[in-house]
Number of protein chains: 2
Amino acid sequence: MTETVRIRNISDLAKIAGVSPGTVSRALSDTGLISQKTRERIKALAREHDFRPNIMARNLRIQKTGAIGVVIPLGHETGQHISDPFFITMLGLLADALTEKGYDLVLSRVIPTDADWLDRFVDSGRVDGTIVIGQSDQAAVLDKVASRYRPLVVWGGHSRGQVHCSVGSDNRLGGELATAHLIERGCQRLAFFGDPNALEFELRLQGCRDAMSAAGLGGDITVFPAHLMAEAAHPDITSFLGSAAERPQGIIAASDVIAMTTLRVLAEFGLSVPDDVKVIGYDGLELTEHTFPRLSTVRQDLTAGAHHLVDMLLRRIAGEDTASVVLQPELVVRNST
Amino acid sequence: MTETVRIRNISDLAKIAGVSPGTVSRALSDTGLISQKTRERIKALAREHDFRPNIMARNLRIQKTGAIGVVIPLGHETGQHISDPFFITMLGLLADALTEKGYDLVLSRVIPTDADWLDRFVDSGRVDGTIVIGQSDQAAVLDKVASRYRPLVVWGGHSRGQVHCSVGSDNRLGGELATAHLIERGCQRLAFFGDPNALEFELRLQGCRDAMSAAGLGGDITVFPAHLMAEAAHPDITSFLGSAAERPQGIIAASDVIAMTTLRVLAEFGLSVPDDVKVIGYDGLELTEHTFPRLSTVRQDLTAGAHHLVDMLLRRIAGEDTASVVLQPELVVRNST
DNA sequence: CGCCTTTTAGCAATCGTTTGCAACCTGTTA
DNA sequence: TAACAGGTTGCAAACGATTGCTAAAAGGCG
């Protein structure tokens with residue numbers, strides 16, 4: 001109605017309000033000393049013309065973007081897709097946690113081609129901080145960047161001497177729990193499905209070996225570097241299980257997706273789970289509720305993890321130092337073991 | 001080594017290069033008239049000091065953000081989570097398509113509380129354009145915004161008279177295909193699992209009715225507004241199937257997730273699929289490969305859809321006009337029918 | 001009524017680029 | 001040699017907000 005002129009910036013509004021731009025700025029941002037009265041008046045005026053201060057100008061001036069980058073490195077597995085259920089779940093949780101804190105989330109899917117991909121991202125100036133989901137095989141890169149760039153946290157495994165700040169479950173322990181469970185169920189010949197080049201998987205495998213030693217089975221476990229994506233893993237696992245001299249009695253999958261695919265291959269071979277072969281996953285994703293049979297797994301509390309990630313990142317942005325967090329994994333026994 | 005001074009901006013670099021800031025700007029952005037020689041020299045210098053122009057300043061100056069917003073309205077289903085496999089799949093595809101075009105993706109998950117949520121987002125100035133995934137029950141809001149804001153495209157259903165530009169499959173046809181298939185398999189009593197308040201679901205349901213009429217069955221179909229999230233849908237569907245006077249012979253689920261949950265409930269009731277009940281999903285997500293039995297579904301080509309969405313959005317940003325796109329859905333028959 | 005303290009508001013610099021315009025070379029042609 | 005064209009560069013004004021400093025207004029008190 002009264003929208004005679006378009007208010008394009010803070011000065012326009014200042015003009016029709018009869019004050020200076022600075023005053024408008026102070027009125028709109030609930031900071032700075034300003035009288036209750038003029039603040040209300042200017043806010044009302046802004047609402048009436050539905051004017052919102054230009055964010056880019058604001059960002060430039062205060063040297064902040066109000067956005068957090070979430071980057072997913074697809075390192076040891078070129079074909080891996082962002083739609084991997086694990087990433088997705090994590091991403092959703094992070095989106096919620098960041099929204100709650102008033103940050104935007106800018107998503108970046110990266111295929112590391114050189115050692116500078118992360119430098120490029122963090123130096124791009126698009127974000128105030130960065131969360132990396134999964135170390136993949138890029139631990140060295142993460143450490144390099146972390147040594148000069150504070151606002152960086154990563155979800156994944158933790159190893160001694162690691163420079164970057166991480167949040168993740170105790171992968172070694174998780175592997176141990178899964179393996180001990182299978183052994184208790186009577187399995188002797190075990191196989192680990194997953195590529196140990198990924199740090200977290202390596203730790204899980206180590207846990208398996210520890211559990212086997214503890215049970216007096218030696219550390220002799222077959223390791224098959226299954227792909228992470230279901231489509232890619234399916235033919236692999238099929239040929240592995242088809243050609244194995246001795247079929248394993250128990251399979252520890254490095255992720256729920258791998259476990260789910262394994263279940264499917266076993267069904268196609270006409271093998272019964274858990275009678276012929278027992279399978280356990282890792283992650284505790286919702287999909288494990290919907291497989292047949294329902295999948296036993298090692299649950300990581302991703303909700304807690306996501307909250308830790310953003311809390312710690314914000315603290316680092318504020319200049320604090322933060323130590324890595326290791327969460328307790330939890331064994332979830334269902335029908336596949 | 002030679003990093004004696006930190007280069008913080010284009011002027012610093014200009015100083016050590018012995019040129020003016022403008023020249024540096026022209027050298028770094030491969031535009032503007034500048035000699036081959038100085039361009040190379042300055043680029044080399046920039047690389048050496050790994051200097052990257054400040055993006056916020058650039059954005060302010062050129063009045064662009066280089067980012068596209070992807071917003072997921074969680075309208076007719078408050079509990080719905082962003083980790084819904086459908087959203088996730090779409091999101092991943094969009095991330096790829098946008099990255100390819102050099103855009104960032106800022107993710108926003110919104111629970112519409114009033115009629116202005118989308119206005120707030122598009123006016124926030126954080127993005128150059130917006131993609132909305134799913135109309136939910138917010139068609140009116142979408143139309144309102146679309147009438148004044150060009151760079152907006154939405155994934156979802158298409159209805160006559162719709163103002164906003166959409167990309168989606170022919171939901172009515174999809175529903176028809178699914179239903180005709182079930183009828184052909186001998187089903188007479190049919191049920192539709194999904195809430196018709198969502199535009200796309202309404203269209204799918206309409207297709208079901210059309211198919212039934214065409215087969216001379218009348219349009220009499222039981223509609224059960226199942227939740228979208230698996231956890232929420234499970235108890236609902238359980239009580240529905242447990243208390244139904246007559247069990248349907250065929251179930252058309254409005255989404256693959258609903259179908260998957262239905263499968264699980266049926267298994268828990270000891271019913272055999274497809275012998276006792278036939279079930280068909282909608283979307284064609286990867287998860288349909290992993291259910292037991294493998295799920296028949298109506299596939300939408302999401303990859304093509306994502307590409308259409310970004311192409312059209314970029315065209316709209318450039319000032320072009322674009323008409324809505326309706327993709328052909330495809331019946332995928334597997335083991336659940 | 002005048003002086004002093006506390007608010008409130010204005011001024012102007014700043015953030016770091018981009019870009020239209022003008023000025024400058026360099027080399028060519030008359 | 002002078003004029004000219006064409007290609008390079010520099011200058012300085014935006015872009016739109018925030019904020020330290022300062023000046024003015026308002027309020028309190030004797």
# chains A, B, ... in the order shown; residues from 1 in each chain; ligands from 1

$ interface_residues --of "chain A" --to "chain C" --cutoff "12 Å" --atoms "only C-alpha atoms (C1' of nucleotides)" --output "mmCIF file with N, CA and C atoms, in the first residue's frame"
data_model
loop_
_atom_site.group_PDB
_atom_site.id
_atom_site.type_symbol
_atom_site.label_atom_id
_atom_site.label_comp_id
_atom_site.auth_asym_id
_atom_site.auth_seq_id
_atom_site.Cartn_x
_atom_site.Cartn_y
_atom_site.Cartn_z
ATOM 1 N N ALA A 14 16.825 4.653 6.377
ATOM 2 C CA ALA A 14 17.213 5.746 7.261
ATOM 3 C C ALA A 14 16.563 7.039 6.797
ATOM 4 N N GLY A 18 14.047 9.258 8.814
ATOM 5 C CA GLY A 18 14.586 10.515 9.301
ATOM 6 C C GLY A 18 15.718 10.345 10.302
ATOM 7 N N VAL A 19 16.470 9.279 10.126
ATOM 8 C CA VAL A 19 17.627 9.073 10.997
ATOM 9 C C VAL A 19 18.836 8.727 10.134
ATOM 10 N N SER A 20 19.924 8.421 10.764
ATOM 11 C CA SER A 20 21.121 8.088 9.996
ATOM 12 C C SER A 20 21.212 6.575 9.807
ATOM 13 N N PRO A 21 21.942 6.165 8.803
ATOM 14 C CA PRO A 21 22.105 4.735 8.527
ATOM 15 C C PRO A 21 22.603 3.968 9.746
ATOM 16 N N GLY A 22 23.542 4.565 10.436
ATOM 17 C CA GLY A 22 24.081 3.895 11.609
ATOM 18 C C GLY A 22 22.990 3.559 12.602
ATOM 19 N N THR A 23 22.096 4.469 12.779
ATOM 20 C CA THR A 23 20.999 4.245 13.716
ATOM 21 C C THR A 23 20.125 3.081 13.277
ATOM 22 N N VAL A 24 19.858 3.042 12.011
ATOM 23 C CA VAL A 24 19.048 1.939 11.507
ATOM 24 C C VAL A 24 19.753 0.617 11.772
ATOM 25 N N SER A 25 21.026 0.592 11.473
ATOM 26 C CA SER A 25 21.791 -0.624 11.703
ATOM 27 C C SER A 25 21.668 -1.058 13.154
ATOM 28 N N ARG A 26 21.845 -0.116 14.043
ATOM 29 C CA ARG A 26 21.772 -0.444 15.465
ATOM 30 C C ARG A 26 20.381 -0.894 15.869
ATOM 31 N N ALA A 27 19.387 -0.327 15.236
ATOM 32 C CA ALA A 27 18.019 -0.693 15.584
ATOM 33 C C ALA A 27 17.723 -2.127 15.148
ATOM 34 N N GLY A 32 24.067 -2.560 20.374
ATOM 35 C CA GLY A 32 24.374 -1.138 20.322
ATOM 36 C C GLY A 32 23.382 -0.353 21.154
ATOM 37 N N LEU A 33 23.778 0.778 21.601
ATOM 38 C CA LEU A 33 22.923 1.598 22.435
ATOM 39 C C LEU A 33 21.956 2.377 21.563
ATOM 40 N N ILE A 34 20.713 2.215 21.839
ATOM 41 C CA ILE A 34 19.699 2.929 21.076
ATOM 42 C C ILE A 34 18.429 2.940 21.923
ATOM 43 N N SER A 35 17.641 3.952 21.769
ATOM 44 C CA SER A 35 16.453 4.050 22.624
ATOM 45 C C SER A 35 15.403 3.040 22.192
ATOM 46 N N GLN A 36 14.717 2.528 23.160
ATOM 47 C CA GLN A 36 13.657 1.568 22.928
ATOM 48 C C GLN A 36 12.717 2.072 21.838
ATOM 49 N N LYS A 37 12.411 3.347 21.919
ATOM 50 C CA LYS A 37 11.385 3.941 21.075
ATOM 51 C C LYS A 37 11.784 3.938 19.594
ATOM 52 N N THR A 38 12.930 4.486 19.298
ATOM 53 C CA THR A 38 13.342 4.526 17.894
ATOM 54 C C THR A 38 13.568 3.124 17.361
ATOM 55 N N ARG A 39 14.066 2.255 18.205
ATOM 56 C CA ARG A 39 14.260 0.878 17.745
ATOM 57 C C ARG A 39 12.935 0.295 17.254
ATOM 58 N N MET A 56 25.310 -9.921 2.336
ATOM 59 C CA MET A 56 26.675 -9.952 1.798
ATOM 60 C C MET A 56 27.475 -8.776 2.337
ATOM 61 N N ALA A 57 26.816 -7.634 2.383
ATOM 62 C CA ALA A 57 27.506 -6.457 2.921
ATOM 63 C C ALA A 57 27.869 -6.692 4.387
ATOM 64 N N ARG A 58 26.899 -7.250 5.088
ATOM 65 C CA ARG A 58 27.135 -7.531 6.500
ATOM 66 C C ARG A 58 28.314 -8.491 6.656
ATOM 67 N N ASN A 59 28.286 -9.551 5.876
ATOM 68 C CA ASN A 59 29.364 -10.533 5.953
ATOM 69 C C ASN A 59 30.714 -9.889 5.708
ATOM 70 N N LEU A 60 30.744 -9.053 4.706
ATOM 71 C CA LEU A 60 32.019 -8.420 4.370
ATOM 72 C C LEU A 60 32.502 -7.569 5.539
ATOM 73 N N ARG A 61 31.579 -6.816 6.078
ATOM 74 C CA ARG A 61 31.985 -5.908 7.147
ATOM 75 C C ARG A 61 32.447 -6.664 8.395
ATOM 76 N N ILE A 62 31.666 -7.617 8.826
ATOM 77 C CA ILE A 62 32.032 -8.283 10.074
ATOM 78 C C ILE A 62 32.960 -9.472 9.856
ATOM 79 N N GLN A 63 33.264 -9.733 8.629
ATOM 80 C CA GLN A 63 34.221 -10.799 8.316
ATOM 81 C C GLN A 63 33.770 -12.162 8.814
ATOM 82 N N LYS A 64 32.492 -12.409 8.642
ATOM 83 C CA LYS A 64 31.963 -13.725 8.974
ATOM 84 C C LYS A 64 30.928 -14.083 7.920
#

$ select_by_dssp --residues "stretch 53-268 of chain A" --states "helix (DSSP H, G or I)" --output "number ranges by chain"
A: 55-62, 85-100, 117-122, 139-146, 171-184, 199-214, 230-243, 256-268

$ interface_residues --of "chain B" --to "chain A" --cutoff "8 Å" --atoms "only C-alpha atoms" --output "JSON, numbers by chain"
{"B": [52, 54, 55, 56, 57, 59, 60, 65, 81, 82, 83, 85, 88, 89, 91, 92, 93, 95, 96, 99, 104, 105, 106, 107, 108, 109, 123, 124, 125, 126, 260, 261, 264, 290, 291, 292]}

$ interface_residues --of "chain D" --to "chain B" --cutoff "12 Å" --atoms "only C-alpha atoms (C1' of nucleotides)" --output "PyMOL selection string"
chain D and resi 6-17

$ write_last_selection --atoms "N, CA and C atoms (P, O5', C5', C4', C3', O3' and C1' of nucleotides)" --output "mmCIF file, in the first residue's frame"
data_model
loop_
_atom_site.group_PDB
_atom_site.id
_atom_site.type_symbol
_atom_site.label_atom_id
_atom_site.label_comp_id
_atom_site.auth_asym_id
_atom_site.auth_seq_id
_atom_site.Cartn_x
_atom_site.Cartn_y
_atom_site.Cartn_z
ATOM 1 P P DG D 6 41.447 0.700 -34.324
ATOM 2 O "O5'" DG D 6 42.276 -0.223 -33.337
ATOM 3 C "C5'" DG D 6 43.587 -0.650 -33.707
ATOM 4 C "C4'" DG D 6 44.260 -1.233 -32.487
ATOM 5 C "C3'" DG D 6 43.281 -1.885 -31.517
ATOM 6 O "O3'" DG D 6 43.794 -3.145 -31.111
ATOM 7 C "C1'" DG D 6 44.582 -0.254 -30.395
ATOM 8 P P DG D 7 42.868 -4.131 -30.271
ATOM 9 O "O5'" DG D 7 43.890 -4.401 -29.082
ATOM 10 C "C5'" DG D 7 45.275 -4.518 -29.387
ATOM 11 C "C4'" DG D 7 46.076 -4.091 -28.186
ATOM 12 C "C3'" DG D 7 45.678 -4.797 -26.887
ATOM 13 O "O3'" DG D 7 46.862 -5.156 -26.213
ATOM 14 C "C1'" DG D 7 45.661 -2.479 -26.568
ATOM 15 P P DT D 8 46.798 -6.300 -25.084
ATOM 16 O "O5'" DT D 8 47.517 -5.558 -23.893
ATOM 17 C "C5'" DT D 8 46.967 -4.357 -23.437
ATOM 18 C "C4'" DT D 8 47.954 -3.722 -22.485
ATOM 19 C "C3'" DT D 8 47.794 -4.189 -21.051
ATOM 20 O "O3'" DT D 8 49.016 -3.999 -20.353
ATOM 21 C "C1'" DT D 8 46.961 -1.980 -21.282
ATOM 22 P P DT D 9 49.093 -4.486 -18.850
ATOM 23 O "O5'" DT D 9 48.585 -3.196 -18.106
ATOM 24 C "C5'" DT D 9 49.522 -2.310 -17.551
ATOM 25 C "C4'" DT D 9 48.808 -1.067 -17.067
ATOM 26 C "C3'" DT D 9 48.317 -1.163 -15.639
ATOM 27 O "O3'" DT D 9 49.206 -0.415 -14.821
ATOM 28 C "C1'" DT D 9 46.802 -0.002 -17.071
ATOM 29 P P DG D 10 48.980 -0.443 -13.234
ATOM 30 O "O5'" DG D 10 48.176 0.918 -13.048
ATOM 31 C "C5'" DG D 10 48.710 2.117 -13.594
ATOM 32 C "C4'" DG D 10 47.792 3.280 -13.307
ATOM 33 C "C3'" DG D 10 47.323 3.376 -11.858
ATOM 34 O "O3'" DG D 10 47.312 4.749 -11.501
ATOM 35 C "C1'" DG D 10 45.440 3.209 -13.272
ATOM 36 P P DC D 11 47.100 5.156 -9.984
ATOM 37 O "O5'" DC D 11 45.720 5.937 -10.035
ATOM 38 C "C5'" DC D 11 45.222 6.416 -11.270
ATOM 39 C "C4'" DC D 11 43.890 7.110 -11.057
ATOM 40 C "C3'" DC D 11 43.437 7.287 -9.615
ATOM 41 O "O3'" DC D 11 42.756 8.519 -9.530
ATOM 42 C "C1'" DC D 11 41.896 5.889 -10.749
ATOM 43 P P DA D 12 42.370 9.140 -8.123
ATOM 44 O "O5'" DA D 12 40.857 8.675 -8.016
ATOM 45 C "C5'" DA D 12 39.990 8.909 -9.125
ATOM 46 C "C4'" DA D 12 38.642 8.280 -8.857
ATOM 47 C "C3'" DA D 12 38.170 8.349 -7.409
ATOM 48 O "O3'" DA D 12 36.783 8.491 -7.454
ATOM 49 C "C1'" DA D 12 38.210 6.131 -8.058
ATOM 50 P P DA D 13 35.970 9.115 -6.271
ATOM 51 O "O5'" DA D 13 34.491 8.650 -6.658
ATOM 52 C "C5'" DA D 13 34.155 8.551 -8.040
ATOM 53 C "C4'" DA D 13 33.268 7.354 -8.258
ATOM 54 C "C3'" DA D 13 32.206 7.153 -7.176
ATOM 55 O "O3'" DA D 13 31.012 6.706 -7.795
ATOM 56 C "C1'" DA D 13 33.514 5.217 -7.334
ATOM 57 P P DA D 14 29.652 6.771 -7.030
ATOM 58 O "O5'" DA D 14 29.972 5.766 -5.831
ATOM 59 C "C5'" DA D 14 28.973 4.889 -5.402
ATOM 60 C "C4'" DA D 14 28.928 3.665 -6.293
ATOM 61 C "C3'" DA D 14 28.244 2.506 -5.566
ATOM 62 O "O3'" DA D 14 27.178 2.040 -6.348
ATOM 63 C "C1'" DA D 14 30.506 1.930 -6.181
ATOM 64 P P DC D 15 25.804 1.778 -5.644
ATOM 65 O "O5'" DC D 15 25.933 0.315 -5.065
ATOM 66 C "C5'" DC D 15 26.372 -0.769 -5.850
ATOM 67 C "C4'" DC D 15 26.785 -1.885 -4.945
ATOM 68 C "C3'" DC D 15 26.149 -1.836 -3.565
ATOM 69 O "O3'" DC D 15 24.965 -2.615 -3.587
ATOM 70 C "C1'" DC D 15 28.474 -2.437 -3.469
ATOM 71 P P DG D 16 23.607 -1.973 -3.024
ATOM 72 O "O5'" DG D 16 23.752 -2.167 -1.448
ATOM 73 C "C5'" DG D 16 23.862 -3.474 -0.929
ATOM 74 C "C4'" DG D 16 24.314 -3.388 0.500
ATOM 75 C "C3'" DG D 16 23.482 -2.451 1.376
ATOM 76 O "O3'" DG D 16 23.104 -3.180 2.524
ATOM 77 C "C1'" DG D 16 25.755 -2.045 1.685
ATOM 78 P P DA D 17 22.036 -2.646 3.530
ATOM 79 O "O5'" DA D 17 22.906 -2.571 4.873
ATOM 80 C "C5'" DA D 17 23.033 -3.749 5.619
ATOM 81 C "C4'" DA D 17 24.449 -3.929 6.077
ATOM 82 C "C3'" DA D 17 24.696 -3.485 7.510
ATOM 83 O "O3'" DA D 17 24.785 -4.648 8.313
ATOM 84 C "C1'" DA D 17 26.434 -2.762 6.036
#

$ select_by_dssp --residues "stretch 183-232 of chain A" --states "strand (DSSP E or B)" --output "number ranges by chain"
A: 190-193, 222-224

$ write_last_selection --atoms "N, CA and C atoms" --output "compact mmCIF listing (two decimals), in the first residue's frame"
# COMPACT_ATOMS: atom_id res chain seq x y z
N LEU A 190 36.16 -66.31 10.68
CA LEU A 190 35.54 -65.00 10.53
C LEU A 190 36.07 -64.26 9.32
N ALA A 191 35.25 -63.36 8.82
CA ALA A 191 35.72 -62.49 7.73
C ALA A 191 35.32 -61.06 8.04
N PHE A 192 36.15 -60.14 7.60
CA PHE A 192 35.89 -58.71 7.77
C PHE A 192 35.68 -58.13 6.39
N PHE A 193 34.52 -57.53 6.18
CA PHE A 193 34.22 -56.94 4.87
C PHE A 193 34.37 -55.43 4.94
N THR A 222 39.91 -63.28 7.61
CA THR A 222 39.95 -62.95 6.19
C THR A 222 39.45 -61.53 6.00
N VAL A 223 40.24 -60.74 5.30
CA VAL A 223 39.81 -59.36 5.07
C VAL A 223 39.45 -59.19 3.62
N PHE A 224 38.23 -58.79 3.38
CA PHE A 224 37.81 -58.53 2.01
C PHE A 224 37.39 -57.07 1.88

$ atom_distance --atom1 "atom CA of B:Thr179" --atom2 "atom CA of B:Ala253"
10.3 Å

$ residues_around --residues "B:Phe201" --least-positions-apart "2" --cutoff "9 Å" --atoms "only C-alpha atoms (C1' of nucleotides)" --output "list in words"
Gly157, Asn171, Arg172, Gly175, Gly194, Asp195, Pro196, Asn197, Ala198, Leu199, Leu203, Arg204, Leu205, Gln206, Ala254 and Ser255 of chain B

$ write_last_selection --atoms "N, CA and C atoms" --output "CSV table (one decimal), in the first residue's frame"
chain,number,residue,atom,x,y,z
B,157,GLY,N,4.7,-32.3,-7.8
B,157,GLY,CA,3.7,-32.6,-8.7
B,157,GLY,C,3.3,-31.3,-9.6
B,171,ASN,N,2.6,-37.9,-11.8
B,171,ASN,CA,2.2,-38.7,-10.6
B,171,ASN,C,0.9,-39.4,-10.9
B,172,ARG,N,0.0,-38.8,-11.6
B,172,ARG,CA,-1.3,-39.4,-11.9
B,172,ARG,C,-1.0,-40.7,-12.7
B,175,GLY,N,0.5,-43.4,-10.6
B,175,GLY,CA,-0.5,-44.1,-9.8
B,175,GLY,C,-1.3,-45.1,-10.6
B,194,GLY,N,-0.9,-43.5,2.1
B,194,GLY,CA,-0.2,-42.2,2.0
B,194,GLY,C,-1.2,-41.1,2.2
B,195,ASP,N,-0.7,-39.9,2.6
B,195,ASP,CA,-1.6,-38.8,3.0
B,195,ASP,C,-1.8,-37.9,1.7
B,196,PRO,N,-3.1,-37.9,1.2
B,196,PRO,CA,-3.4,-37.1,0.0
B,196,PRO,C,-3.3,-35.6,0.2
B,197,ASN,N,-3.0,-35.2,1.4
B,197,ASN,CA,-2.8,-33.7,1.6
B,197,ASN,C,-1.5,-33.2,0.9
B,198,ALA,N,-0.6,-34.1,0.7
B,198,ALA,CA,0.6,-33.8,-0.1
B,198,ALA,C,0.1,-33.8,-1.6
B,199,LEU,N,0.4,-32.8,-2.3
B,199,LEU,CA,0.0,-32.7,-3.7
B,199,LEU,C,0.3,-33.9,-4.5
B,203,LEU,N,-2.2,-36.7,-6.4
B,203,LEU,CA,-2.2,-37.0,-7.9
B,203,LEU,C,-2.1,-38.5,-8.1
B,204,ARG,N,-1.2,-39.1,-7.3
B,204,ARG,CA,-1.0,-40.6,-7.4
B,204,ARG,C,-2.3,-41.3,-7.1
B,205,LEU,N,-3.0,-40.9,-6.1
B,205,LEU,CA,-4.2,-41.5,-5.7
B,205,LEU,C,-5.3,-41.3,-6.8
B,206,GLN,N,-5.3,-40.2,-7.4
B,206,GLN,CA,-6.2,-40.0,-8.5
B,206,GLN,C,-5.9,-41.0,-9.6
B,254,ALA,N,2.4,-44.8,-1.3
B,254,ALA,CA,2.7,-43.5,-1.9
B,254,ALA,C,4.2,-43.3,-2.0
B,255,SER,N,5.0,-44.0,-1.3
B,255,SER,CA,6.4,-43.9,-1.4
B,255,SER,C,7.1,-45.2,-1.1

$ closest_residue --among "B:Asp128, B:Glu48, B:Asp283, B:Asp114" --to "B:Asp170" --atoms "only C-alpha atoms"
B:Asp283
